[in-house]
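S.K.: Sending over data-v3.txt (compact mmCIF, C-alpha atoms).
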# COMPACT_ATOMS: atom_id res chain seq x y z
CA MET Q 1 21.73 7.82 -27.30
CA ASP Q 2 23.47 5.41 -24.94
CA GLY Q 3 23.06 1.85 -26.16
CA LYS Q 4 21.10 2.79 -29.26
CA MET Q 5 21.85 1.15 -32.58
CA ALA Q 6 23.08 3.27 -35.46
CA PRO Q 7 20.64 3.36 -38.36
CA ALA Q 8 21.29 0.90 -41.17
CA LYS Q 9 22.73 2.55 -44.27
CA SER Q 10 21.27 2.43 -47.72
CA SER Q 11 23.48 1.04 -50.45
CA SER Q 12 23.87 1.56 -54.17
CA THR Q 13 22.27 -0.98 -56.53
CA ASN Q 14 24.83 -0.27 -59.28
CA ARG Q 15 21.87 1.00 -61.29
CA THR Q 16 21.18 4.55 -62.36
CA VAL Q 17 18.22 6.53 -63.63
CA THR Q 18 18.75 8.90 -66.54
CA VAL Q 19 17.12 12.33 -66.60
CA THR Q 20 16.95 13.98 -70.03
CA ASP Q 21 16.36 17.63 -70.86
CA ASN Q 22 15.18 17.39 -74.46
CA ALA Q 23 15.29 21.15 -75.06
CA ALA Q 24 18.87 21.52 -73.86
CA GLY Q 25 20.02 18.19 -75.25
CA LYS Q 26 21.53 17.17 -71.89
CA THR Q 27 21.28 14.02 -69.81
CA TRP Q 28 22.23 13.26 -66.23
CA GLU Q 29 22.44 10.00 -64.30
CA PHE Q 30 21.38 9.54 -60.68
CA PRO Q 31 22.11 6.49 -58.54
CA VAL Q 32 19.43 4.06 -57.36
CA LEU Q 33 19.67 3.12 -53.67
CA THR Q 34 18.23 0.13 -51.87
CA GLY Q 35 17.21 -0.41 -48.27
CA THR Q 36 16.78 -3.70 -46.42
CA VAL Q 37 13.13 -4.02 -47.58
CA GLY Q 38 10.77 -1.89 -49.63
CA PRO Q 39 11.06 -0.17 -53.01
CA ASP Q 40 14.35 1.16 -54.33
CA VAL Q 41 14.79 4.94 -54.36
CA ILE Q 42 16.36 7.45 -56.72
CA ASP Q 43 19.03 9.54 -55.01
CA VAL Q 44 18.21 13.09 -56.14
CA ARG Q 45 20.44 14.97 -53.71
CA ARG Q 46 22.57 16.24 -56.60
CA LEU Q 47 19.59 17.02 -58.82
CA TYR Q 48 19.45 20.78 -58.30
CA GLY Q 49 23.21 21.25 -58.25
CA ASP Q 50 23.73 19.23 -61.44
CA THR Q 51 20.67 20.20 -63.46
CA GLY Q 52 19.28 23.42 -62.00
CA TYR Q 53 15.94 21.65 -61.50
CA PHE Q 54 14.29 20.42 -58.33
CA THR Q 55 11.30 18.12 -57.82
CA PHE Q 56 7.69 19.15 -57.15
CA ASP Q 57 5.99 16.78 -54.69
CA PRO Q 58 3.15 18.27 -52.58
CA GLY Q 59 2.80 16.29 -49.37
CA TYR Q 60 6.14 14.57 -50.07
CA THR Q 61 4.24 11.39 -50.98
CA SER Q 62 6.98 10.33 -53.43
CA THR Q 63 9.92 11.74 -51.49
CA GLY Q 64 12.07 10.06 -48.86
CA SER Q 65 13.22 12.71 -46.39
CA CYS Q 66 15.51 10.46 -44.36
CA GLN Q 67 16.74 6.93 -43.87
CA SER Q 68 15.47 5.10 -40.81
CA ALA Q 69 15.87 1.71 -39.14
CA ILE Q 70 12.87 2.04 -36.82
CA THR Q 71 9.55 1.28 -38.53
CA TYR Q 72 8.55 -0.31 -41.82
CA ILE Q 73 5.13 -0.30 -43.49
CA ASP Q 74 4.01 -2.28 -46.51
CA GLY Q 75 0.64 -0.76 -47.26
CA ASP Q 76 -0.21 -3.16 -50.09
CA LYS Q 77 0.34 -6.24 -47.93
CA GLY Q 78 -1.05 -4.66 -44.76
CA GLU Q 79 2.16 -5.09 -42.76
CA LEU Q 80 3.71 -3.00 -39.99
CA SER Q 81 6.88 -3.82 -38.10
CA TYR Q 82 8.96 -2.17 -35.38
CA ARG Q 83 12.68 -2.86 -35.77
CA GLY Q 84 11.75 -5.88 -37.92
CA TYR Q 85 9.24 -7.38 -35.46
CA PRO Q 86 5.65 -7.75 -36.80
CA ILE Q 87 3.23 -5.54 -34.90
CA GLU Q 88 0.88 -8.50 -34.30
CA GLU Q 89 3.58 -10.40 -32.39
CA LEU Q 90 4.53 -7.40 -30.29
CA ALA Q 91 0.92 -6.55 -29.42
CA GLU Q 92 0.09 -10.11 -28.41
CA ARG Q 93 3.29 -11.10 -26.61
CA SER Q 94 5.00 -7.91 -25.44
CA ASP Q 95 4.03 -4.84 -23.42
CA PHE Q 96 4.40 -1.12 -24.01
CA THR Q 97 7.54 -0.56 -21.92
CA GLU Q 98 9.32 -3.42 -23.70
CA VAL Q 99 8.23 -2.04 -27.08
CA SER Q 100 9.47 1.40 -25.99
CA TYR Q 101 12.88 -0.08 -25.21
CA LEU Q 102 12.89 -1.79 -28.62
CA LEU Q 103 12.05 1.42 -30.49
CA LEU Q 104 14.63 3.44 -28.59
CA LYS Q 105 17.53 1.00 -28.55
CA GLY Q 106 16.99 -1.29 -31.51
CA GLU Q 107 16.73 -4.64 -29.73
CA LEU Q 108 14.37 -6.32 -27.30
CA PRO Q 109 15.73 -6.10 -23.74
CA THR Q 110 17.01 -8.91 -21.60
CA ALA Q 111 15.13 -9.50 -18.35
CA ALA Q 112 17.66 -7.39 -16.46
CA GLU Q 113 17.57 -4.59 -19.05
CA LYS Q 114 13.77 -4.54 -19.00
CA LYS Q 115 13.69 -4.34 -15.21
CA GLN Q 116 16.16 -1.46 -15.21
CA PHE Q 117 14.29 0.37 -17.99
CA GLU Q 118 10.98 0.05 -16.14
CA TRP Q 119 12.63 1.36 -12.98
CA ASP Q 120 14.09 4.32 -14.90
CA ILE Q 121 10.74 5.19 -16.51
CA ASN Q 122 8.81 4.80 -13.24
CA HIS Q 123 11.19 7.13 -11.45
CA HIS Q 124 10.68 9.89 -14.01
CA THR Q 125 6.87 9.87 -13.97
CA MET Q 126 6.42 12.73 -11.51
CA VAL Q 127 6.49 16.28 -12.85
CA HIS Q 128 7.93 19.38 -11.24
CA GLU Q 129 5.49 20.54 -8.58
CA GLN Q 130 5.44 24.07 -9.97
CA LEU Q 131 3.77 22.69 -13.11
CA SER Q 132 0.58 22.39 -11.03
CA ALA Q 133 0.46 26.18 -10.92
CA PHE Q 134 1.16 26.30 -14.65
CA PHE Q 135 -2.06 24.38 -15.31
CA ARG Q 136 -4.09 27.03 -13.55
CA GLY Q 137 -3.21 29.49 -16.29
CA PHE Q 138 -5.52 27.60 -18.66
CA ARG Q 139 -9.27 28.01 -18.77
CA ARG Q 140 -11.22 25.07 -17.36
CA ASP Q 141 -12.79 24.43 -20.75
CA ALA Q 142 -9.47 24.44 -22.63
CA HIS Q 143 -9.07 21.51 -24.99
CA PRO Q 144 -6.73 18.91 -23.40
CA MET Q 145 -4.54 18.92 -26.52
CA ALA Q 146 -3.99 22.67 -26.14
CA VAL Q 147 -2.97 22.07 -22.53
CA LEU Q 148 -0.72 19.12 -23.44
CA CYS Q 149 1.02 21.09 -26.19
CA GLY Q 150 1.66 24.04 -23.87
CA VAL Q 151 2.82 22.04 -20.86
CA VAL Q 152 5.18 19.78 -22.83
CA GLY Q 153 6.70 22.82 -24.52
CA ALA Q 154 7.22 24.33 -21.07
CA LEU Q 155 9.19 21.30 -19.80
CA SER Q 156 12.38 22.81 -21.20
CA ALA Q 157 11.94 25.60 -18.65
CA PHE Q 158 11.97 23.05 -15.81
CA TYR Q 159 14.56 20.51 -16.95
CA HIS Q 160 17.61 22.47 -18.10
CA ASP Q 161 19.86 19.48 -17.48
CA SER Q 162 18.52 17.55 -20.49
CA THR Q 163 18.37 20.04 -23.34
CA ASP Q 164 21.89 19.73 -24.76
CA ILE Q 165 21.22 17.68 -27.89
CA GLN Q 166 24.95 17.03 -28.46
CA ASP Q 167 25.25 15.15 -25.17
CA PRO Q 168 24.11 11.49 -25.55
CA ARG Q 169 23.44 11.25 -21.81
CA GLN Q 170 21.18 14.31 -21.83
CA ARG Q 171 19.35 13.01 -24.89
CA MET Q 172 18.70 9.75 -23.06
CA VAL Q 173 17.43 11.52 -19.95
CA ALA Q 174 15.16 13.77 -22.01
CA SER Q 175 13.78 10.75 -23.87
CA TYR Q 176 13.03 8.89 -20.65
CA ARG Q 177 11.46 11.97 -19.12
CA LEU Q 178 9.15 12.52 -22.07
CA ILE Q 179 7.99 8.89 -22.19
CA ALA Q 180 7.48 8.81 -18.42
CA LYS Q 181 5.84 12.19 -17.90
CA MET Q 182 3.45 12.24 -20.85
CA PRO Q 183 0.79 10.06 -19.14
CA THR Q 184 1.09 12.18 -15.99
CA ILE Q 185 0.64 15.43 -17.89
CA ALA Q 186 -2.22 13.97 -19.94
CA ALA Q 187 -4.06 12.80 -16.82
CA MET Q 188 -3.48 16.19 -15.18
CA ALA Q 189 -5.03 17.88 -18.23
CA TYR Q 190 -8.12 15.70 -17.83
CA LYS Q 191 -8.38 16.18 -14.06
CA TYR Q 192 -8.05 19.93 -14.47
CA SER Q 193 -10.87 19.99 -17.03
CA VAL Q 194 -13.30 18.22 -14.67
CA GLY Q 195 -12.23 20.06 -11.51
CA GLN Q 196 -10.78 17.04 -9.71
CA PRO Q 197 -7.46 16.99 -7.83
CA PHE Q 198 -4.38 15.72 -9.59
CA MET Q 199 -3.41 12.13 -8.82
CA TYR Q 200 0.27 11.32 -8.38
CA PRO Q 201 1.73 8.39 -10.32
CA LYS Q 202 2.36 5.09 -8.57
CA ASN Q 203 5.66 3.31 -9.18
CA SER Q 204 4.08 -0.05 -8.35
CA LEU Q 205 1.81 0.08 -11.41
CA GLY Q 206 2.56 -0.72 -15.04
CA TYR Q 207 2.57 2.01 -17.68
CA ALA Q 208 -1.05 1.66 -18.86
CA GLU Q 209 -2.30 0.87 -15.34
CA ASN Q 210 -0.63 3.99 -14.00
CA PHE Q 211 -2.28 6.18 -16.61
CA LEU Q 212 -5.75 4.77 -15.94
CA HIS Q 213 -5.21 5.20 -12.20
CA MET Q 214 -4.22 8.86 -12.62
CA MET Q 215 -7.23 9.39 -14.92
CA PHE Q 216 -9.96 7.83 -12.81
CA ALA Q 217 -8.81 7.57 -9.19
CA VAL Q 218 -9.73 10.16 -6.56
CA PRO Q 219 -8.04 10.72 -3.17
CA CYS Q 220 -11.12 9.84 -1.11
CA GLU Q 221 -11.32 6.16 -2.06
CA GLU Q 222 -9.28 3.25 -3.34
CA TYR Q 223 -9.32 2.64 -7.09
CA LYS Q 224 -8.36 -0.69 -8.62
CA VAL Q 225 -7.54 -0.77 -12.32
CA ASN Q 226 -9.42 -3.41 -14.28
CA PRO Q 227 -6.74 -5.68 -15.84
CA ILE Q 228 -8.74 -6.20 -19.07
CA LEU Q 229 -9.00 -2.44 -19.55
CA ALA Q 230 -5.31 -2.00 -18.72
CA ASN Q 231 -4.43 -4.69 -21.26
CA ALA Q 232 -6.53 -3.00 -23.94
CA MET Q 233 -4.94 0.36 -23.18
CA ASP Q 234 -1.48 -1.21 -23.35
CA LYS Q 235 -2.31 -2.60 -26.80
CA ILE Q 236 -3.57 0.80 -27.96
CA PHE Q 237 -0.27 2.31 -26.84
CA ILE Q 238 1.78 -0.39 -28.63
CA LEU Q 239 -0.18 -0.10 -31.87
CA HIS Q 240 0.18 3.69 -31.96
CA ALA Q 241 3.82 3.88 -30.82
CA ASP Q 242 5.25 4.65 -34.26
CA HIS Q 243 4.11 4.73 -37.86
CA GLU Q 244 7.04 5.70 -40.07
CA GLN Q 245 7.32 9.27 -41.46
CA ASN Q 246 3.77 10.47 -40.81
CA ALA Q 247 2.89 14.17 -40.42
CA SER Q 248 3.67 14.50 -36.71
CA THR Q 249 6.88 12.43 -36.88
CA SER Q 250 8.07 14.47 -39.85
CA THR Q 251 7.24 17.60 -37.86
CA VAL Q 252 9.37 16.39 -34.95
CA ARG Q 253 12.26 15.66 -37.31
CA MET Q 254 11.85 18.99 -39.09
CA ALA Q 255 11.87 20.92 -35.79
CA GLY Q 256 14.77 18.83 -34.52
CA SER Q 257 16.81 19.47 -37.65
CA SER Q 258 17.18 23.09 -36.55
CA GLY Q 259 18.77 22.00 -33.26
CA ALA Q 260 15.69 22.74 -31.16
CA ASN Q 261 15.54 21.11 -27.71
CA PRO Q 262 13.67 17.78 -27.43
CA PHE Q 263 10.75 19.17 -25.45
CA ALA Q 264 10.08 21.82 -28.10
CA CYS Q 265 10.30 19.18 -30.84
CA ILE Q 266 7.77 16.89 -29.15
CA ALA Q 267 5.45 19.85 -28.50
CA ALA Q 268 5.61 20.54 -32.25
CA GLY Q 269 4.69 16.91 -32.90
CA ILE Q 270 1.71 17.20 -30.56
CA ALA Q 271 0.52 20.30 -32.43
CA SER Q 272 0.71 18.41 -35.73
CA LEU Q 273 -1.04 15.37 -34.27
CA TRP Q 274 -3.92 17.58 -33.16
CA GLY Q 275 -5.07 17.99 -36.76
CA PRO Q 276 -8.28 16.06 -37.51
CA ALA Q 277 -6.72 14.52 -40.62
CA HIS Q 278 -4.03 12.91 -38.44
CA GLY Q 279 -4.63 12.22 -34.76
CA GLY Q 280 -8.30 13.11 -34.63
CA ALA Q 281 -9.56 10.19 -36.71
CA ASN Q 282 -10.93 8.11 -33.81
CA GLU Q 283 -12.68 11.21 -32.50
CA ALA Q 284 -14.24 11.60 -35.96
CA VAL Q 285 -15.54 8.01 -35.74
CA LEU Q 286 -17.56 8.85 -32.63
CA LYS Q 287 -18.90 12.04 -34.18
CA MET Q 288 -19.99 10.07 -37.24
CA LEU Q 289 -21.79 7.52 -35.05
CA GLN Q 290 -23.55 10.37 -33.26
CA GLU Q 291 -24.60 11.78 -36.62
CA ILE Q 292 -26.06 8.41 -37.68
CA GLY Q 293 -27.84 8.23 -34.35
CA ASP Q 294 -29.87 5.03 -34.79
CA ARG Q 295 -29.48 1.58 -36.37
CA SER Q 296 -32.45 2.29 -38.62
CA ARG Q 297 -30.46 5.03 -40.36
CA ILE Q 298 -27.41 2.88 -41.12
CA PRO Q 299 -28.62 1.87 -44.65
CA GLU Q 300 -29.04 5.55 -45.49
CA PHE Q 301 -25.44 6.34 -44.57
CA ILE Q 302 -24.10 3.19 -46.23
CA ALA Q 303 -25.83 4.33 -49.43
CA ARG Q 304 -24.27 7.76 -49.08
CA ALA Q 305 -20.82 6.22 -48.64
CA LYS Q 306 -21.31 4.29 -51.89
CA ASP Q 307 -22.59 7.34 -53.80
CA LYS Q 308 -19.76 8.87 -55.82
CA ASN Q 309 -21.61 12.19 -55.91
CA ASP Q 310 -21.86 12.41 -52.11
CA ASN Q 311 -18.87 13.73 -50.14
CA PHE Q 312 -19.85 11.74 -47.05
CA LEU Q 313 -17.19 9.34 -45.79
CA LEU Q 314 -17.57 6.51 -43.31
CA MET Q 315 -14.89 7.42 -40.77
CA GLY Q 316 -12.83 4.56 -39.41
CA PHE Q 317 -12.95 2.48 -42.59
CA GLY Q 318 -10.03 2.05 -44.97
CA HIS Q 319 -6.65 3.76 -44.58
CA ARG Q 320 -4.50 6.07 -46.68
CA VAL Q 321 -1.42 3.87 -46.25
CA TYR Q 322 -2.91 0.38 -45.98
CA ARG Q 323 -4.49 -0.87 -49.22
CA ASN Q 324 -5.43 -4.05 -47.42
CA HIS Q 325 -6.31 -4.79 -43.81
CA ASP Q 326 -4.84 -2.41 -41.22
CA PRO Q 327 -2.74 -4.90 -39.22
CA ARG Q 328 -3.31 -2.89 -36.05
CA ALA Q 329 -7.09 -3.21 -36.46
CA ARG Q 330 -6.93 -7.00 -36.45
CA VAL Q 331 -5.24 -6.89 -33.03
CA LEU Q 332 -7.51 -4.23 -31.58
CA ARG Q 333 -10.74 -5.87 -32.78
CA LYS Q 334 -10.21 -8.70 -30.29
CA ALA Q 335 -9.39 -6.28 -27.47
CA CYS Q 336 -12.44 -4.19 -28.38
CA HIS Q 337 -14.83 -7.12 -27.97
CA GLU Q 338 -13.11 -8.15 -24.72
CA VAL Q 339 -13.64 -4.66 -23.29
CA LEU Q 340 -17.29 -4.54 -24.37
CA ASP Q 341 -17.92 -7.97 -22.83
CA GLU Q 342 -16.13 -7.03 -19.60
CA LEU Q 343 -18.02 -3.76 -19.17
CA GLY Q 344 -21.34 -5.12 -20.37
CA VAL Q 345 -22.09 -1.99 -22.38
CA ARG Q 346 -23.16 -3.54 -25.69
CA ASP Q 347 -26.64 -2.08 -25.20
CA GLU Q 348 -25.22 1.45 -25.27
CA PRO Q 349 -26.71 2.94 -28.48
CA LEU Q 350 -23.48 4.32 -29.93
CA LEU Q 351 -21.58 1.09 -29.38
CA ASP Q 352 -24.47 -0.93 -30.77
CA LEU Q 353 -24.27 1.23 -33.90
CA ALA Q 354 -20.53 0.63 -34.16
CA MET Q 355 -20.90 -3.15 -33.96
CA GLU Q 356 -23.57 -3.12 -36.68
CA LEU Q 357 -21.33 -1.02 -38.93
CA GLU Q 358 -18.48 -3.45 -38.30
CA ARG Q 359 -20.70 -6.40 -39.30
CA ILE Q 360 -21.74 -4.69 -42.52
CA ALA Q 361 -18.19 -3.70 -43.44
CA LEU Q 362 -16.94 -7.26 -43.00
CA GLU Q 363 -19.78 -8.79 -45.05
CA ASP Q 364 -20.84 -6.20 -47.65
CA GLU Q 365 -19.42 -6.88 -51.13
CA TYR Q 366 -18.85 -3.15 -51.78
CA PHE Q 367 -16.68 -2.77 -48.67
CA ILE Q 368 -14.82 -6.00 -49.35
CA GLU Q 369 -14.16 -5.07 -53.00
CA LYS Q 370 -12.96 -1.58 -52.05
CA LYS Q 371 -11.05 -3.01 -49.07
CA LEU Q 372 -12.81 -0.60 -46.74
CA TYR Q 373 -12.17 -2.63 -43.61
CA PRO Q 374 -12.49 -1.15 -40.11
CA ASN Q 375 -9.17 0.45 -39.19
CA VAL Q 376 -7.38 1.01 -35.90
CA ASP Q 377 -9.18 4.32 -35.31
CA PHE Q 378 -12.56 2.61 -35.52
CA TYR Q 379 -11.75 0.14 -32.76
CA SER Q 380 -9.73 2.47 -30.55
CA GLY Q 381 -12.58 5.00 -30.57
CA ILE Q 382 -15.06 2.34 -29.45
CA ILE Q 383 -12.74 1.05 -26.71
CA LEU Q 384 -12.06 4.52 -25.33
CA ARG Q 385 -15.76 5.39 -25.41
CA ALA Q 386 -16.60 2.19 -23.53
CA MET Q 387 -13.95 2.98 -20.91
CA GLY Q 388 -15.57 6.33 -20.21
CA ILE Q 389 -12.76 8.40 -21.65
CA PRO Q 390 -14.15 11.67 -23.09
CA VAL Q 391 -13.79 12.28 -26.82
CA SER Q 392 -11.63 15.36 -26.15
CA MET Q 393 -8.98 13.04 -24.64
CA PHE Q 394 -8.76 10.64 -27.59
CA THR Q 395 -5.96 12.47 -29.40
CA VAL Q 396 -4.18 13.01 -26.10
CA LEU Q 397 -3.94 9.25 -25.66
CA PHE Q 398 -2.56 9.00 -29.19
CA ALA Q 399 0.13 11.50 -28.16
CA ILE Q 400 1.06 9.42 -25.10
CA ALA Q 401 1.64 6.38 -27.28
CA ARG Q 402 3.39 8.20 -30.13
CA THR Q 403 5.85 9.98 -27.83
CA VAL Q 404 8.20 6.99 -27.79
CA GLY Q 405 8.19 6.89 -31.59
CA TRP Q 406 8.85 10.62 -31.75
CA VAL Q 407 11.83 10.46 -29.39
CA ALA Q 408 13.23 7.37 -31.15
CA GLN Q 409 12.99 9.13 -34.52
CA TRP Q 410 14.42 12.34 -33.03
CA ASN Q 411 17.41 10.49 -31.58
CA GLU Q 412 18.01 8.69 -34.86
CA MET Q 413 17.95 12.00 -36.71
CA ILE Q 414 20.42 13.62 -34.33
CA GLU Q 415 22.85 10.73 -34.78
CA ASP Q 416 22.54 10.57 -38.58
CA PRO Q 417 25.63 12.25 -40.14
CA GLN Q 418 23.69 12.84 -43.38
CA GLN Q 419 20.94 14.82 -41.67
CA LYS Q 420 20.62 18.47 -42.66
CA ILE Q 421 18.30 21.21 -41.53
CA GLY Q 422 14.96 20.82 -43.26
CA ARG Q 423 14.61 23.29 -46.11
CA PRO Q 424 12.01 22.26 -48.73
CA ARG Q 425 11.93 24.15 -52.01
CA GLN Q 426 8.88 25.65 -53.69
CA LEU Q 427 7.43 26.19 -57.16
CA TYR Q 428 6.93 29.95 -57.16
CA ILE Q 429 3.74 31.08 -58.97
CA GLY Q 430 3.54 34.72 -57.79
CA HIS Q 431 4.32 38.00 -59.55
CA THR Q 432 7.52 38.50 -61.46
CA GLN Q 433 9.65 41.42 -60.33
CA ARG Q 434 7.83 44.75 -60.13
CA HIS Q 435 8.72 48.11 -58.64
CA TYR Q 436 7.30 50.13 -55.80
CA VAL Q 437 4.73 52.78 -56.73
CA PRO Q 438 4.12 55.71 -54.32
CA ILE Q 439 0.68 55.57 -52.76
CA ASP Q 440 -0.51 58.83 -54.42
CA LYS Q 441 0.20 57.33 -57.86
CA ARG Q 442 -1.57 53.98 -57.41
CA GLY Q 443 -4.75 53.51 -59.42
Output the structure of this file as structure tokens.

M.R.:
Amino acid sequence: MDGKMAPAKSSSTNRTVTVTDNAAGKTWEFPVLTGTVGPDVIDVRRLYGDTGYFTFDPGYTSTGSCQSAITYIDGDKGELSYRGYPIEELAERSDFTEVSYLLLKGELPTAAEKKQFEWDINHHTMVHEQLSAFFRGFRRDAHPMAVLCGVVGALSAFYHDSTDIQDPRQRMVASYRLIAKMPTIAAMAYKYSVGQPFMYPKNSLGYAENFLHMMFAVPCEEYKVNPILANAMDKIFILHADHEQNASTSTVRMAGSSGANPFACIAAGIASLWGPAHGGANEAVLKMLQEIGDRSRIPEFIARAKDKNDNFLLMGFGHRVYRNHDPRARVLRKACHEVLDELGVRDEPLLDLAMELERIALEDEYFIEKKLYPNVDFYSGIILRAMGIPVSMFTVLFAIARTVGWVAQWNEMIEDPQQKIGRPRQLYIGHTQRHYVPIDKRG
């Protein structure tokens, strides 16, 4: 991609790890590689060729599938950085378009570069007019994520001039188009579901402002975006922009490794994000609050969460990656309370429940000992609910934010000379070879 930094390379530590086959009396040595930060890794690329064995790692939780210079997470310390910049600094001092530039190109822009980048993004926000007819092929009650997945996949049918992945210029144009058009398509999916006319983007508005305008404005009257809500939305976008090799990002890379066009790859990422174990977590928070229903029932559900024999989980607390505070949650907690104060909706029962749960989680010894702090999904769900955004749109907003991370990771993969088509192995546990039996002789 034009102007994009090449990924940093791993280097050998001059150490090796020895693998021994006791039965065969053989040993092999494999190099240990180091990155700029984080744990060292064992290079097992020669493992199968040298030994005839391969590793078994469901979920790839102990396997590095690529090298990347984009995002780093230290789950034990509760740290997240984009291109080396702590997420807290970016969320407090930057904005989403600047963070997008950073993720794509490796460095923060100069004033002139930022102005040009914003101009480029703004002038790609409109979608082909024939896409309006494409929307009408969906049922009115179609889930917005189903619509988003279908429409983004269809972009390759409208923008033939940016599907050649070997052309850096076309990759850049496709990346800009995806970042710019995702809010427009998302807002169109919402407007279609409620029977309102589509609102065109406005080049005079910022990224988050533009999205909120397309979501909530109508042609018959003027709509002014609340700056506190726009700021909170901008922070949500920044905090969700990338998160290392998660399920949807790995899906984008896997699809891209086959040479698929960028629009198809991002559509694949959207499909993966749709899963409730990934992008649907903040939606699950609201459903949990609805299940609790009333403050008086909170102790009952807290007790269930502490009961080892009960499968109930308090959604929005703790995180699979972060064994400490979720650094994104610390940023969003402040924005959450600002939004609630601005809108004056603290008396809304569901939000009142959420605030009481937050108080308990921050004070209860069980939650503190287990480090079950409110995570980013807890606060983003509350903010979006307070803004009046329907639960069905929550994961769609996640997709808007994550698009820049997906295209940055996709570009990095394309430019990595070590990248190969994804082809995981398997541990076969089926039948050994057997022979066909004619149907009249089968018992």

S.K.: Compile the contact shell of segment 175-189 of chain Q as a PyMOL selection string: residues with an atom at most 6 Å away, counting all atoms listed in the file, same-chain residues fewer than 2 positions apart removed.

M.R.: chain Q and resi 121+124-125+144+172-173+191-192+198+211+214-215+400+404+407

S.K.: Give me the residues near Thr61 of chain Q as a compact mmCIF listing (two decimals) with C-alpha atoms, in the frame of the given file, where near means some atom within 12 Å (using only C-alpha atoms) and where sequence neighbours in that chain fewer than 5 positions away do not count.

M.R.:
# COMPACT_ATOMS: atom_id res chain seq x y z
CA THR Q 55 11.30 18.12 -57.82
CA PHE Q 56 7.69 19.15 -57.15
CA GLN Q 245 7.32 9.27 -41.46
CA ASN Q 246 3.77 10.47 -40.81
CA ALA Q 247 2.89 14.17 -40.42
CA ARG Q 320 -4.50 6.07 -46.68
CA VAL Q 321 -1.42 3.87 -46.25

S.K.: Enclose segment 62-69 of chain Q, meaning all of its atoms listed in the file, in a box aligned along x, y and z, pad it by 3 Å on each side, and list the centre and edge lengths in Å to one decimal, as AutoDock Vina command-line options.

M.R.:
--center_x 11.9 --center_y 7.2 --center_z -46.3 --size_x 15.8 --size_y 17.0 --size_z 20.3

S.K.: Between Q:Val37, Q:Val44, Q:Met126, Q:Ile73, which residue has the minimum interatomic distance to Thr16 of chain Q, considering only C-alpha atoms?

M.R.: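 Among the listed residues, Q:Val44 lies closest to Thr16 of chain Q.
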
S.K.: Using all atoms listed in the file, which of the listed residues (Q:Leu340, Q:Met145, Q:Ala255, Q:Cys220) sits closest to Gly279 of chain Q?

M.R.: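 Counting all atoms listed in the file, the residue closest to Gly279 of chain Q is Q:Met145.
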
S.K.: Counting only C-alpha atoms, which residue out of Q:Leu108, Q:Leu350, Q:Ile368, Q:Ala208 sits closest to Ala232 of chain Q?

M.R.: Q:Ala208

S.K.: Which of these, Q:Asp234, Q:Glu415, Q:Asp74, Q:Asp141, has the shortest distance to Thr97 of chain Q once you count only C-alpha atoms?

M.R.: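 Among the listed residues, the smallest separation from Thr97 of chain Q belongs to Q:Asp234.
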
S.K.: Around (17.2, -2.6, -20.0), as given in the file, which residues come within 12 Å? Count all atoms listed in the file and list them as a VMD selection string.

M.R.: chain Q and resid 2 to 4 97 to 102 104 to 121

S.K.: Keeping C-alpha atoms, export the residues of the selection given above as a compact mmCIF listing (two decimals), in the frame of the given file.

M.R.:
# COMPACT_ATOMS: atom_id res chain seq x y z
CA ASP Q 2 23.47 5.41 -24.94
CA GLY Q 3 23.06 1.85 -26.16
CA LYS Q 4 21.10 2.79 -29.26
CA THR Q 97 7.54 -0.56 -21.92
CA GLU Q 98 9.32 -3.42 -23.70
CA VAL Q 99 8.23 -2.04 -27.08
CA SER Q 100 9.47 1.40 -25.99
CA TYR Q 101 12.88 -0.08 -25.21
CA LEU Q 102 12.89 -1.79 -28.62
CA LEU Q 104 14.63 3.44 -28.59
CA LYS Q 105 17.53 1.00 -28.55
CA GLY Q 106 16.99 -1.29 -31.51
CA GLU Q 107 16.73 -4.64 -29.73
CA LEU Q 108 14.37 -6.32 -27.30
CA PRO Q 109 15.73 -6.10 -23.74
CA THR Q 110 17.01 -8.91 -21.60
CA ALA Q 111 15.13 -9.50 -18.35
CA ALA Q 112 17.66 -7.39 -16.46
CA GLU Q 113 17.57 -4.59 -19.05
CA LYS Q 114 13.77 -4.54 -19.00
CA LYS Q 115 13.69 -4.34 -15.21
CA GLN Q 116 16.16 -1.46 -15.21
CA PHE Q 117 14.29 0.37 -17.99
CA GLU Q 118 10.98 0.05 -16.14
CA TRP Q 119 12.63 1.36 -12.98
CA ASP Q 120 14.09 4.32 -14.90
CA ILE Q 121 10.74 5.19 -16.51

S.K.: Between Q:Ala303, Q:Tyr366, Q:Pro327, Q:Gly293, which has the minimum distance to Glu348 of chain Q (counting only C-alpha atoms)?

M.R.: Q:Gly293

S.K.: In Å, how far is it from atom CA of His278 of chain Q to atom CA of Lys370 of chain Q?

M.R.: 21.8 Å

S.K.: Nearest to Ala230 of chain Q among Q:Gly206, Q:Pro201, Q:Gly318, Q:Pro374, with distances taken over all atoms listed in the file: which residue is it?

M.R.: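 The shortest atom-to-atom distance to Ala230 of chain Q comes from Q:Gly206.
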
S.K.: Excluding segment 81-95 of chain Q and residues on its chain fewer than 4 positions from it, collect all residues at most 6 Å away from it, counting only C-alpha atoms, and give them as a list of chain:residue names.

M.R.: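 The filter keeps Q:Ile70, Q:Thr71, Q:Tyr72, Q:Lys235.
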
S.K.: Place a sphere of radius 10 Å on (19.4, 19.1, -23.0) in the file coordinates and name every protein, DNA or RNA residue with an atom inside or on its surface, counting all atoms listed in the file; give the answer as a list in words.

M.R.: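 Every polymer residue passing the test: Ser156, Tyr159, His160, Asp161, Ser162, Thr163, Asp164, Ile165, Gln166, Asp167, Pro168, Arg169, Gln170, Arg171, Met172, Val173, Ala174, Ala260, Asn261, Pro262 and Phe263 of chain Q.
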